[in-house]
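Okay, upload_13.pdb now, which holds PDB, C-alpha atoms and all ligand atoms:
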```
ATOM      1  CA  MET F   1     117.669  14.694  -3.516
ATOM      2  CA  LYS F   2     121.379  13.817  -3.789
ATOM      3  CA  GLU F   3     121.886  14.941  -7.392
ATOM      4  CA  LYS F   4     120.479  18.365  -6.565
ATOM      5  CA  ILE F   5     123.242  19.193  -4.076
ATOM      6  CA  LYS F   6     125.791  21.540  -5.659
ATOM      7  CA  GLY F   7     128.549  23.920  -4.586
ATOM      8  CA  THR F   8     125.919  26.619  -4.158
ATOM      9  CA  THR F   9     123.459  24.576  -2.086
ATOM     10  CA  SER F  10     122.618  26.182   1.243
ATOM     11  CA  LEU F  11     122.269  24.103   4.391
ATOM     12  CA  TYR F  12     119.416  24.051   6.911
ATOM     13  CA  GLY F  13     119.297  21.652   9.824
ATOM     14  CA  LEU F  14     117.930  20.229  13.034
ATOM     15  CA  LEU F  15     119.912  20.007  16.281
ATOM     16  CA  GLY F  16     118.644  17.680  19.009
ATOM     17  CA  TYR F  17     118.818  14.261  20.574
ATOM     18  CA  PRO F  18     117.310  11.851  19.696
ATOM     19  CA  ILE F  19     116.271  13.000  16.209
ATOM     20  CA  ASP F  20     116.044   9.756  14.223
ATOM     21  CA  HIS F  21     112.219   9.818  14.279
ATOM     22  CA  SER F  22     111.987  13.457  13.130
ATOM     23  CA  LYS F  23     109.703  14.344  10.211
ATOM     24  CA  SER F  24     111.393  17.734   9.738
ATOM     25  CA  PRO F  25     113.957  16.648   7.080
ATOM     26  CA  GLU F  26     111.197  15.152   4.900
ATOM     27  CA  MET F  27     108.944  18.196   5.344
ATOM     28  CA  HIS F  28     111.569  20.837   4.612
ATOM     29  CA  ASN F  29     113.293  18.998   1.763
ATOM     30  CA  LEU F  30     109.909  18.520   0.075
ATOM     31  CA  GLY F  31     109.296  22.246   0.599
ATOM     32  CA  PHE F  32     112.665  23.173  -0.941
ATOM     33  CA  VAL F  33     112.107  20.965  -3.985
ATOM     34  CA  SER F  34     108.586  22.197  -4.616
ATOM     35  CA  GLN F  35     109.671  25.845  -4.261
ATOM     36  CA  ASN F  36     112.713  25.253  -6.524
ATOM     37  CA  LEU F  37     115.153  26.287  -3.820
ATOM     38  CA  ASP F  38     118.814  25.279  -3.937
ATOM     39  CA  SER F  39     118.750  24.171  -0.283
ATOM     40  CA  VAL F  40     118.948  21.010   1.763
ATOM     41  CA  TYR F  41     117.890  20.117   5.356
ATOM     42  CA  MET F  42     119.800  17.618   7.494
ATOM     43  CA  ALA F  43     119.266  16.365  11.059
ATOM     44  CA  PHE F  44     122.191  16.235  13.514
ATOM     45  CA  ASN F  45     122.292  14.327  16.786
ATOM     46  CA  VAL F  46     123.626  16.734  19.417
ATOM     47  CA  VAL F  47     123.636  15.446  22.977
ATOM     48  CA  ASP F  48     123.126  17.529  26.100
ATOM     49  CA  GLY F  49     126.049  19.855  26.856
ATOM     50  CA  TYR F  50     127.156  20.292  23.218
ATOM     51  CA  ILE F  51     124.659  22.802  21.826
ATOM     52  CA  GLU F  52     127.059  25.763  22.008
ATOM     53  CA  GLU F  53     129.724  23.931  19.974
ATOM     54  CA  ALA F  54     127.112  22.793  17.439
ATOM     55  CA  VAL F  55     125.703  26.324  17.032
ATOM     56  CA  ASN F  56     129.201  27.774  16.643
ATOM     57  CA  ALA F  57     129.934  25.171  13.960
ATOM     58  CA  PHE F  58     126.724  26.200  12.166
ATOM     59  CA  ARG F  59     127.820  29.859  12.410
ATOM     60  CA  ILE F  60     131.204  29.077  10.832
ATOM     61  CA  LEU F  61     129.592  26.969   8.111
ATOM     62  CA  GLY F  62     127.103  29.733   7.304
ATOM     63  CA  VAL F  63     124.053  27.544   7.872
ATOM     64  CA  GLU F  64     121.026  29.629   6.791
ATOM     65  CA  GLY F  65     118.573  28.386   9.385
ATOM     66  CA  PHE F  66     117.893  25.530  11.754
ATOM     67  CA  ASN F  67     115.444  23.952  14.150
ATOM     68  CA  VAL F  68     116.287  23.095  17.718
ATOM     69  CA  THR F  69     114.576  20.342  19.662
ATOM     70  CA  MET F  70     114.927  18.461  22.955
ATOM     71  CA  PRO F  71     117.035  18.855  25.047
ATOM     72  CA  HIS F  72     118.316  22.235  23.800
ATOM     73  CA  LYS F  73     115.248  24.491  23.359
ATOM     74  CA  GLU F  74     115.893  26.489  26.536
ATOM     75  CA  GLU F  75     119.682  26.313  26.713
ATOM     76  CA  ILE F  76     120.059  27.849  23.238
ATOM     77  CA  LEU F  77     118.539  31.198  24.277
ATOM     78  CA  LYS F  78     121.781  32.418  25.823
ATOM     79  CA  ILE F  79     123.860  31.482  22.776
ATOM     80  CA  LEU F  80     121.818  33.412  20.181
ATOM     81  CA  ASP F  81     122.330  37.054  19.129
ATOM     82  CA  GLU F  82     118.632  37.988  19.313
ATOM     83  CA  VAL F  83     115.424  36.266  20.352
ATOM     84  CA  SER F  84     111.849  37.155  19.292
ATOM     85  CA  GLU F  85     109.513  38.595  21.916
ATOM     86  CA  GLU F  86     107.345  35.434  22.058
ATOM     87  CA  ALA F  87     110.314  33.078  22.318
ATOM     88  CA  LYS F  88     111.710  35.218  25.140
ATOM     89  CA  ILE F  89     108.413  35.032  27.078
ATOM     90  CA  ILE F  90     108.004  31.299  26.374
ATOM     91  CA  GLY F  91     111.642  30.809  27.371
ATOM     92  CA  ALA F  92     112.349  28.425  24.495
ATOM     93  CA  VAL F  93     113.458  28.558  20.852
ATOM     94  CA  ASN F  94     112.689  25.967  18.165
ATOM     95  CA  THR F  95     113.674  27.922  15.037
ATOM     96  CA  VAL F  96     116.789  29.989  14.281
ATOM     97  CA  LYS F  97     117.390  32.201  11.260
ATOM     98  CA  ASN F  98     120.851  33.333  10.213
ATOM     99  CA  GLU F  99     120.414  36.955   9.151
ATOM    100  CA  ASN F 100     123.750  38.115   7.698
ATOM    101  CA  GLY F 101     125.706  36.301  10.380
ATOM    102  CA  LYS F 102     123.321  37.175  13.228
ATOM    103  CA  LEU F 103     121.463  34.235  14.729
ATOM    104  CA  ILE F 104     117.849  35.155  15.568
ATOM    105  CA  GLY F 105     115.712  32.757  17.624
ATOM    106  CA  HIS F 106     111.951  32.210  17.227
ATOM    107  CA  ASN F 107     109.349  29.848  18.658
ATOM    108  CA  THR F 108     106.802  28.429  16.193
ATOM    109  CA  ASP F 109     105.399  25.686  18.475
ATOM    110  CA  GLY F 110     102.566  27.717  20.013
ATOM    111  CA  LYS F 111     101.812  29.542  16.755
ATOM    112  CA  GLY F 112     101.880  26.237  14.877
ATOM    113  CA  PHE F 113      99.327  24.775  17.286
ATOM    114  CA  ILE F 114      97.086  27.826  16.868
ATOM    115  CA  GLN F 115      97.304  27.682  13.072
ATOM    116  CA  ALA F 116      96.347  23.983  13.193
ATOM    117  CA  LEU F 117      93.443  24.733  15.564
ATOM    118  CA  LEU F 118      92.073  27.452  13.267
ATOM    119  CA  GLU F 119      92.512  25.221  10.222
ATOM    120  CA  ALA F 120      90.556  22.474  12.015
ATOM    121  CA  GLY F 121      87.636  24.883  12.401
ATOM    122  CA  SER F 122      88.025  25.748  16.066
ATOM    123  CA  ASP F 123      88.295  29.165  17.626
ATOM    124  CA  PHE F 124      89.637  30.435  20.935
ATOM    125  CA  TYR F 125      89.429  34.248  20.651
ATOM    126  CA  GLY F 126      87.459  35.572  23.617
ATOM    127  CA  LYS F 127      86.698  32.026  24.796
ATOM    128  CA  LYS F 128      87.619  29.720  27.658
ATOM    129  CA  VAL F 129      90.300  27.090  27.000
ATOM    130  CA  VAL F 130      91.307  24.279  29.347
ATOM    131  CA  LEU F 131      94.756  22.806  28.903
ATOM    132  CA  ILE F 132      96.147  19.706  30.621
ATOM    133  CA  GLY F 133      99.906  19.492  31.115
ATOM    134  CA  ALA F 134     102.627  21.987  31.973
ATOM    135  CA  GLY F 135     105.721  20.722  30.154
ATOM    136  CA  GLY F 136     107.576  22.465  27.334
ATOM    137  CA  ALA F 137     104.835  22.058  24.720
ATOM    138  CA  ALA F 138     102.075  23.174  27.119
ATOM    139  CA  ARG F 139     104.108  26.259  28.036
ATOM    140  CA  ALA F 140     104.519  27.343  24.390
ATOM    141  CA  ILE F 141     100.834  26.755  23.582
ATOM    142  CA  ALA F 142      99.451  28.371  26.752
ATOM    143  CA  ILE F 143     101.574  31.504  26.408
ATOM    144  CA  GLN F 144     100.803  31.881  22.695
ATOM    145  CA  LEU F 145      97.043  31.484  23.359
ATOM    146  CA  ALA F 146      97.303  34.161  26.050
ATOM    147  CA  LEU F 147      99.272  36.538  23.788
ATOM    148  CA  ASP F 148      96.836  35.936  20.903
ATOM    149  CA  GLY F 149      93.527  36.658  22.652
ATOM    150  CA  VAL F 150      92.111  33.775  24.689
ATOM    151  CA  ASP F 151      89.690  35.111  27.324
ATOM    152  CA  GLU F 152      90.115  32.503  30.063
ATOM    153  CA  LEU F 153      92.766  29.821  30.425
ATOM    154  CA  VAL F 154      92.842  27.052  33.014
ATOM    155  CA  ILE F 155      95.933  24.846  33.202
ATOM    156  CA  PHE F 156      95.646  21.495  34.976
ATOM    157  CA  ASN F 157      98.788  19.571  35.848
ATOM    158  CA  ARG F 158      99.758  16.624  38.018
ATOM    159  CA  THR F 159     102.575  18.774  39.451
ATOM    160  CA  LEU F 160     100.763  21.995  40.339
ATOM    161  CA  ASP F 161     103.778  24.302  40.646
ATOM    162  CA  ARG F 162     104.769  23.755  36.976
ATOM    163  CA  ALA F 163     101.302  24.998  35.920
ATOM    164  CA  GLU F 164     101.588  27.913  38.373
ATOM    165  CA  LYS F 165     104.879  28.979  36.788
ATOM    166  CA  ILE F 166     103.206  29.236  33.357
ATOM    167  CA  ILE F 167     100.307  31.204  34.860
ATOM    168  CA  ASN F 168     102.775  33.603  36.525
ATOM    169  CA  THR F 169     104.492  34.217  33.172
ATOM    170  CA  ILE F 170     101.114  34.876  31.517
ATOM    171  CA  ASN F 171     100.074  37.296  34.258
ATOM    172  CA  GLU F 172     103.409  39.147  34.011
ATOM    173  CA  ASN F 173     103.098  39.571  30.231
ATOM    174  CA  THR F 174      99.380  40.032  29.503
ATOM    175  CA  SER F 175      96.624  42.048  31.138
ATOM    176  CA  ASN F 176      93.311  40.712  29.790
ATOM    177  CA  VAL F 177      93.557  36.960  30.321
ATOM    178  CA  LYS F 178      91.832  35.253  33.236
ATOM    179  CA  ALA F 179      94.429  32.569  33.861
ATOM    180  CA  ARG F 180      94.668  30.069  36.701
ATOM    181  CA  ALA F 181      96.318  26.777  37.595
ATOM    182  CA  GLN F 182      94.606  23.673  38.999
ATOM    183  CA  LYS F 183      95.976  20.410  40.329
ATOM    184  CA  LEU F 184      94.883  17.593  38.010
ATOM    185  CA  ASN F 185      91.617  16.161  39.359
ATOM    186  CA  GLU F 186      88.893  14.794  37.086
ATOM    187  CA  LYS F 187      85.931  16.142  39.106
ATOM    188  CA  VAL F 188      87.360  19.677  39.069
ATOM    189  CA  LEU F 189      88.233  19.263  35.368
ATOM    190  CA  GLN F 190      84.606  18.318  34.598
ATOM    191  CA  GLN F 191      83.395  21.490  36.367
ATOM    192  CA  GLU F 192      85.877  23.717  34.520
ATOM    193  CA  LEU F 193      84.970  22.180  31.143
ATOM    194  CA  LYS F 194      81.241  22.981  31.459
ATOM    195  CA  ASP F 195      81.664  26.497  30.004
ATOM    196  CA  ALA F 196      84.873  25.866  28.023
ATOM    197  CA  ALA F 197      85.122  25.861  24.211
ATOM    198  CA  VAL F 198      88.381  23.940  23.817
ATOM    199  CA  LEU F 199      90.208  21.187  25.726
ATOM    200  CA  ILE F 200      93.877  20.535  24.865
ATOM    201  CA  ASN F 201      95.858  17.525  26.075
ATOM    202  CA  CYS F 202      99.513  18.537  26.342
ATOM    203  CA  THR F 203     100.570  15.633  28.552
ATOM    204  CA  SER F 204     102.436  12.685  27.095
ATOM    205  CA  ILE F 205      99.563  10.302  27.960
ATOM    206  CA  GLY F 206      98.514   8.608  24.711
ATOM    207  CA  MET F 207     102.033   8.264  23.304
ATOM    208  CA  GLU F 208     103.278   4.960  21.892
ATOM    209  CA  ASN F 209     103.766   3.298  25.292
ATOM    210  CA  SER F 210     100.360   4.461  26.554
ATOM    211  CA  THR F 211      98.044   4.384  23.502
ATOM    212  CA  LYS F 212      95.315   2.678  25.539
ATOM    213  CA  SER F 213      95.444   5.365  28.248
ATOM    214  CA  SER F 214      93.621   8.655  28.367
ATOM    215  CA  ILE F 215      94.162  11.597  30.701
ATOM    216  CA  ILE F 216      90.424  11.351  31.540
ATOM    217  CA  SER F 217      88.618   8.192  32.629
ATOM    218  CA  SER F 218      84.940   9.170  32.343
ATOM    219  CA  TYR F 219      82.947  10.232  29.266
ATOM    220  CA  LYS F 220      80.960  12.501  31.612
ATOM    221  CA  THR F 221      83.994  14.777  31.907
ATOM    222  CA  LEU F 222      83.436  15.927  28.295
ATOM    223  CA  HIS F 223      80.436  17.475  26.540
ATOM    224  CA  LYS F 224      79.591  17.452  22.854
ATOM    225  CA  ASP F 225      80.130  21.196  22.294
ATOM    226  CA  LEU F 226      83.768  20.916  23.319
ATOM    227  CA  PHE F 227      86.531  20.968  20.694
ATOM    228  CA  VAL F 228      89.133  18.422  21.868
ATOM    229  CA  ALA F 229      92.759  18.662  20.698
ATOM    230  CA  ASP F 230      95.495  16.178  21.563
ATOM    231  CA  ILE F 231      99.039  17.208  20.660
ATOM    232  CA  VAL F 232     100.417  13.656  20.967
ATOM    233  CA  TYR F 233     101.381  12.636  17.429
ATOM    234  CA  GLY F 234     102.710   9.085  17.723
ATOM    235  CA  SER F 235      99.160   7.822  17.282
ATOM    236  CA  THR F 236      96.770   9.729  14.974
ATOM    237  CA  ARG F 237      93.768   8.830  17.145
ATOM    238  CA  THR F 238      94.544   8.702  20.850
ATOM    239  CA  LYS F 239      92.193   7.149  23.409
ATOM    240  CA  LEU F 240      91.175  10.691  24.472
ATOM    241  CA  LEU F 241      90.222  11.580  20.884
ATOM    242  CA  GLU F 242      88.315   8.297  20.506
ATOM    243  CA  MET F 243      86.305   9.100  23.658
ATOM    244  CA  ALA F 244      85.670  12.642  22.412
ATOM    245  CA  ASN F 245      84.563  11.429  18.953
ATOM    246  CA  GLU F 246      82.198   8.922  20.530
ATOM    247  CA  ILE F 247      80.267  11.624  22.347
ATOM    248  CA  GLY F 248      80.180  13.888  19.269
ATOM    249  CA  CYS F 249      83.001  16.387  19.927
ATOM    250  CA  LYS F 250      85.021  17.845  17.074
ATOM    251  CA  THR F 251      88.653  16.768  17.458
ATOM    252  CA  MET F 252      92.190  17.406  16.230
ATOM    253  CA  ASN F 253      95.301  15.221  16.547
ATOM    254  CA  GLY F 254      98.931  16.351  16.961
ATOM    255  CA  LEU F 255      99.942  16.190  13.298
ATOM    256  CA  GLY F 256      98.575  19.658  12.515
ATOM    257  CA  MET F 257     100.805  21.279  15.135
ATOM    258  CA  LEU F 258     103.818  19.350  13.852
ATOM    259  CA  LEU F 259     103.052  20.412  10.288
ATOM    260  CA  TRP F 260     102.415  24.083  11.053
ATOM    261  CA  GLN F 261     105.378  24.629  13.385
ATOM    262  CA  GLY F 262     107.453  23.457  10.407
ATOM    263  CA  ALA F 263     105.554  25.538   7.858
ATOM    264  CA  LEU F 264     106.039  28.667   9.984
ATOM    265  CA  ALA F 265     109.777  27.945  10.319
ATOM    266  CA  PHE F 266     109.979  27.480   6.524
ATOM    267  CA  LYS F 267     108.293  30.872   6.061
ATOM    268  CA  ILE F 268     110.720  32.558   8.509
ATOM    269  CA  TRP F 269     113.724  31.131   6.618
ATOM    270  CA  THR F 270     112.597  31.485   3.005
ATOM    271  CA  GLY F 271     109.719  33.989   3.020
ATOM    272  CA  LEU F 272     107.786  31.308   1.079
ATOM    273  CA  ASP F 273     104.915  28.975   1.910
ATOM    274  CA  MET F 274     105.583  25.336   2.602
ATOM    275  CA  PRO F 275     103.287  23.239   0.349
ATOM    276  CA  VAL F 276     101.241  21.997   3.313
ATOM    277  CA  GLU F 277      98.757  19.898   1.342
ATOM    278  CA  LEU F 278     101.610  18.079  -0.386
ATOM    279  CA  VAL F 279     103.418  17.570   2.948
ATOM    280  CA  LYS F 280     100.220  16.172   4.518
ATOM    281  CA  LYS F 281      99.928  13.682   1.654
ATOM    282  CA  GLU F 282     103.575  12.717   1.146
ATOM    283  CA  VAL F 283     104.969  12.926   4.688
ATOM    284  CA  PHE F 284     101.956  12.274   6.937
ATOM    285  CA  ASN F 285      99.992  10.002   4.550
ATOM    286  CA  GLU F 286      96.837  11.999   5.316
TER     287      GLU F 286
HETATM  288  P1  LIG I 301     107.299  17.295  28.974
HETATM  289  O1  LIG I 301     107.946  18.617  29.048
HETATM  290  O2  LIG I 301     108.032  16.075  29.422
HETATM  291  O3  LIG I 301     105.894  17.351  29.795
HETATM  292  C1  LIG I 301     105.117  16.206  29.999
HETATM  293  C2  LIG I 301     103.775  16.589  30.608
HETATM  294  O4  LIG I 301     102.981  15.401  30.737
HETATM  295  C3  LIG I 301     103.869  17.195  32.023
HETATM  296  O5  LIG I 301     102.834  18.120  32.218
HETATM  297  C4  LIG I 301     103.662  15.955  32.891
HETATM  298  O6  LIG I 301     103.172  16.258  34.184
HETATM  299  C5  LIG I 301     102.585  15.236  32.104
HETATM  300  N1  LIG I 301     102.516  13.822  32.417
HETATM  301  C6  LIG I 301     103.409  12.859  32.060
HETATM  302  N2  LIG I 301     103.013  11.662  32.544
HETATM  303  C7  LIG I 301     101.850  11.879  33.229
HETATM  304  C8  LIG I 301     100.948  11.053  33.946
HETATM  305  N3  LIG I 301     101.167   9.736  34.063
HETATM  306  N4  LIG I 301      99.848  11.617  34.502
HETATM  307  C9  LIG I 301      99.613  12.947  34.379
HETATM  308  N5  LIG I 301     100.427  13.791  33.708
HETATM  309  C10 LIG I 301     101.531  13.264  33.141
HETATM  310  O7  LIG I 301     106.866  16.975  27.467
HETATM  311  P2  LIG I 301     106.492  18.000  26.283
HETATM  312  O8  LIG I 301     107.703  18.290  25.496
HETATM  313  O9  LIG I 301     105.699  19.125  26.840
HETATM  314  O10 LIG I 301     105.577  17.058  25.362
HETATM  315  C11 LIG I 301     104.305  16.599  25.810
HETATM  316  C12 LIG I 301     103.632  15.788  24.694
HETATM  317  O11 LIG I 301     103.412  16.632  23.564
HETATM  318  C13 LIG I 301     104.471  14.617  24.173
HETATM  319  O12 LIG I 301     103.577  13.567  23.890
HETATM  320  C14 LIG I 301     105.067  15.141  22.878
HETATM  321  O13 LIG I 301     105.323  14.124  21.937
HETATM  322  C15 LIG I 301     103.934  16.033  22.390
HETATM  323  N6  LIG I 301     104.385  17.118  21.510
HETATM  324  C16 LIG I 301     103.758  17.268  20.301
HETATM  325  C17 LIG I 301     104.149  18.275  19.451
HETATM  326  C18 LIG I 301     103.458  18.399  18.115
HETATM  327  O14 LIG I 301     103.990  19.098  17.224
HETATM  328  N7  LIG I 301     102.303  17.804  17.939
HETATM  329  C19 LIG I 301     105.174  19.166  19.805
HETATM  330  C20 LIG I 301     105.786  19.003  21.063
HETATM  331  C21 LIG I 301     105.377  17.967  21.913
HETATM  332  P3  LIG I 301     104.192  16.606  35.400
HETATM  333  O15 LIG I 301     104.592  18.040  35.202
HETATM  334  O16 LIG I 301     103.382  16.377  36.611
HETATM  335  O17 LIG I 301     105.349  15.648  35.259
END
```

Show how you would write the structure in this file as C-alpha cells.
Ligand code: NAP
Amino acid sequence: MKEKIKGTTSLYGLLGYPIDHSKSPEMHNLGFVSQNLDSVYMAFNVVDGYIEEAVNAFRILGVEGFNVTMPHKEEILKILDEVSEEAKIIGAVNTVKNENGKLIGHNTDGKGFIQALLEAGSDFYGKKVVLIGAGGAARAIAIQLALDGVDELVIFNRTLDRAEKIINTINENTSNVKARAQKLNEKVLQQELKDAAVLINCTSIGMENSTKSSIISSYKTLHKDLFVADIVYGSTRTKLLEMANEIGCKTMNGLGMLLWQGALAFKIWTGLDMPVELVKKEVFNE
C-alpha cells in the first residue's frame, strides 16, 4: 500500500471513536487497489466534541470522502452543507462525499442491510417484518425498510419510547406502512412473529461479551418459515442464529450489512463497484 502513495493520491477516511477494530480501511483500500484508483483510506480517532474541527480539517485538506461512526453520526448533520433525504429522515449520516468543496451527507446503513438481505435470498416488499431494538442501527434499518416498501413493521424494544420515536418518524414520512411499537415481551413477540416473514435482531445481545445470550429464550418463539437476521457482527453465528438454524430458518449474520454499507459508500465516492466477493474473501475470510 505504502509505495502506491504519491503526490497525487487522494485521501478518504473514517472519523469516530473507538475505530481500532474497524474493517473499513481494509475494505476500501482493497477496493481502491482493485479498481486502480490513486486513493488511500485512513481511520482517525476523533473523540466526542471534536467532530466539527475534524470535518473542517478534512475540508481544508480536500479529503474526497469519509465515513462517520460512533459517536458522531447525528452530530455531524448540522456541520454538513447538504444531507440526502434518507439521512435527514433517519437523523444520522455515515458517509460524506466532497463534491467540489461541498460536503454532502448520506446514510448507507439501512440500504446496506437491505442489500445484504436481498443477497441472502430474503424479501420484505409487501411483507411483515419484526425488528427488535431501537438504537441507531435499528432506526436506520427500520426507516429504510419503511421507505423501500415493507407492508407491516413491528418494533420491539426494552425501552418502549425509543421504539415509539422511530414509529412516529415512519408515520410522519410514509403513508402505506402499518407500523407499531411494542415493549419487549417474548409472548407478544411470538404472537407477532406468526404471520411475519423476517425477524431482525438490532439489539447488542450476542456481541462479544454476550455470545451465549440470545434476545429470545424459547425455540417456540420462532417458526421455520421465518428469515432471521442478526446484525451483530462480532460473532458470525450468534446464539439467536444458532437457535434459528436448529429449527430450520434461513439466517443471515451482520457481516453482509457491514460489507454493503461500505460498498454503497464506495459507489457514492467513486461511481465504481467495490469488489465485494474479493472483500468477503480477503477481509471477512468468508
Ligand atoms: P445502540 O444504539 O446502543 O442500541 C442498542 C440496542 O440494544 C437498544 O435497542 C437497547 O435497548 C438494546 N439492548 C441492549 N442491551 C439490551 C438488553 N440486555 N436487553 C434488551 N435490549 C437490549 O446500538 P446500535 O448502534 O444500534 O448497535 C446495535 C448492535 O448492532 C450492536 O451489536 C452493533 O455492533 C450492531 N451493528 C452492526 C452493524 C453492521 O454493519 N452489521 C452496524 C451497526 C451496528 P434499550 O433502548 O432499551 O437500551

**Prompt:** For the file shown, what are the residues hit by the PyMOL selection byres (((chain F and resi 12-17) around 7) and not hetatm), laid out as a PyMOL selection string?
**Reply:** chain F and resi 10-11+18-19+40-47+63-72

**Prompt:** Contacts of Asp230 of chain F at 6 Å or less, counting all atoms listed in the file, minus same-chain residues fewer than 2 places along, as a list in words?
**Reply:** Ile200, Asn201, Val232, Asn253 and Gly254 of chain F

**Request:** Go through F:Asn173, F:Gln261, F:Asn94, F:Asn29 one by one, measure the shortest atom-to-atom distance of each to Ile5 of chain F using only C-alpha atoms, and give the residue with the smallest value.
**Result:**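 Distance minimum relative to Ile5 of chain F lands on F:Asn29.
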
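Note that atom CA of Phe58 of chain F and atom CA of Ile141 of chain F are 28.3 Å apart.
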
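Using only C-alpha atoms, every residue with an atom at most 6 Å from the point (124.6, 28.5, 21.5) is listed here: Ile51, Glu52, Val55, Ile76, Ile79 and Leu80 of chain F.
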
**Prompt:** Which value, in Å to one decimal, gives the distance between atom CA of Ile60 of chain F and atom CA of Val93 of chain F?
**Reply:** 20.4 Å

**Spatial neighbours of Gly133 of chain F, max dist 8 Å, only C-alpha atoms, sep filter under 3 positions, as a list of chain:residue names** = F:Ala138, F:Ile155, F:Phe156, F:Asn157, F:Arg158, F:Ala163, F:Asn201, F:Cys202, F:Thr203

Could you save the residues just selected, with C-alpha atoms, as an mmCIF file, in the coordinates of the input?
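Final output, saved to selection_19.cif:
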```cif
data_model
loop_
_atom_site.group_PDB
_atom_site.id
_atom_site.type_symbol
_atom_site.label_atom_id
_atom_site.label_comp_id
_atom_site.auth_asym_id
_atom_site.auth_seq_id
_atom_site.Cartn_x
_atom_site.Cartn_y
_atom_site.Cartn_z
ATOM 1 C CA ALA F 138 102.075 23.174 27.119
ATOM 2 C CA ILE F 155 95.933 24.846 33.202
ATOM 3 C CA PHE F 156 95.646 21.495 34.976
ATOM 4 C CA ASN F 157 98.788 19.571 35.848
ATOM 5 C CA ARG F 158 99.758 16.624 38.018
ATOM 6 C CA ALA F 163 101.302 24.998 35.920
ATOM 7 C CA ASN F 201 95.858 17.525 26.075
ATOM 8 C CA CYS F 202 99.513 18.537 26.342
ATOM 9 C CA THR F 203 100.570 15.633 28.552
#
```

**Nearest candidate to ligand LIG 301 (chain I) (options F:Arg162, F:Arg237, F:Lys280, F:Arg180; using only C-alpha atoms and all ligand atoms)** =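 Closest residue, counting only C-alpha atoms and all ligand atoms: F:Arg162.
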
**Request:** Can you pull out every residue within 9 Å of Glu86 of chain F, counting all atoms listed in the file, but drop anything in the same chain fewer than 6 positions away, and send it as a list in words?
**Result:**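 Listing them by chain and then by number gives Ala92, His106, Asn107, Ala140, Ile143, Gln144 and Leu147 of chain F.
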
Enclose the full set of atoms of ligand LIG 301 (chain I) listed in the file within a box whose edges lie along x, y and z, apply 4 Å of padding to each of the six sides, and report centre and edge lengths in Å to one decimal as lines of an AutoDock Vina configuration file.
```
center_x = 103.8
center_y = 14.5
center_z = 26.9
size_x = 16.4
size_y = 17.4
size_z = 27.4
```

**Fill in**
From the list F:Ile104, F:Ile215, F:Ala116, F:Ala57, the nearest residue to ligand LIG 301 (chain I) using only C-alpha atoms and all ligand atoms is F:Ile215

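Compared by their closest atoms to ligand LIG 301 (chain I), and using all atoms listed in the file, the residues F:Leu37, F:Ile231, F:Met27, F:Met252 rank with F:Ile231 nearest.
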
Could you list, as a short mmCIF file (atom, residue, chain, number, x, y, z; two decimals) with C-alpha atoms, keeping the file's coordinate frame, every residue matched by the PyMOL selection byres (((chain F and resi 276) around 12) and not hetatm) in this structure?
```
data_model
loop_
_atom_site.label_atom_id
_atom_site.label_comp_id
_atom_site.auth_asym_id
_atom_site.auth_seq_id
_atom_site.Cartn_x
_atom_site.Cartn_y
_atom_site.Cartn_z
CA MET F 27 108.94 18.20 5.34
CA HIS F 28 111.57 20.84 4.61
CA LEU F 30 109.91 18.52 0.08
CA GLY F 31 109.30 22.25 0.60
CA SER F 34 108.59 22.20 -4.62
CA GLN F 35 109.67 25.84 -4.26
CA GLN F 115 97.30 27.68 13.07
CA ALA F 116 96.35 23.98 13.19
CA GLU F 119 92.51 25.22 10.22
CA LEU F 255 99.94 16.19 13.30
CA GLY F 256 98.58 19.66 12.52
CA MET F 257 100.80 21.28 15.14
CA LEU F 258 103.82 19.35 13.85
CA LEU F 259 103.05 20.41 10.29
CA TRP F 260 102.42 24.08 11.05
CA GLN F 261 105.38 24.63 13.38
CA GLY F 262 107.45 23.46 10.41
CA ALA F 263 105.55 25.54 7.86
CA LEU F 264 106.04 28.67 9.98
CA PHE F 266 109.98 27.48 6.52
CA LYS F 267 108.29 30.87 6.06
CA LEU F 272 107.79 31.31 1.08
CA ASP F 273 104.92 28.98 1.91
CA MET F 274 105.58 25.34 2.60
CA PRO F 275 103.29 23.24 0.35
CA GLU F 277 98.76 19.90 1.34
CA LEU F 278 101.61 18.08 -0.39
CA VAL F 279 103.42 17.57 2.95
CA LYS F 280 100.22 16.17 4.52
CA LYS F 281 99.93 13.68 1.65
CA GLU F 282 103.58 12.72 1.15
CA VAL F 283 104.97 12.93 4.69
CA PHE F 284 101.96 12.27 6.94
CA GLU F 286 96.84 12.00 5.32
#
```

**Message:** So, with only C-alpha atoms and all ligand atoms as the atoms that count, which of F:Thr169, F:Asn285, F:Asn36, F:Thr108 lies closest to ligand LIG 301 (chain I)?
**Reply:**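 Counting only C-alpha atoms and all ligand atoms, the residue closest to ligand LIG 301 (chain I) is F:Thr108.
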
**Asked** How many Å separate atom CA of Asp148 of chain F from atom CA of Gly121 of chain F?
**Response**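 These two atoms are separated by 16.7 Å.
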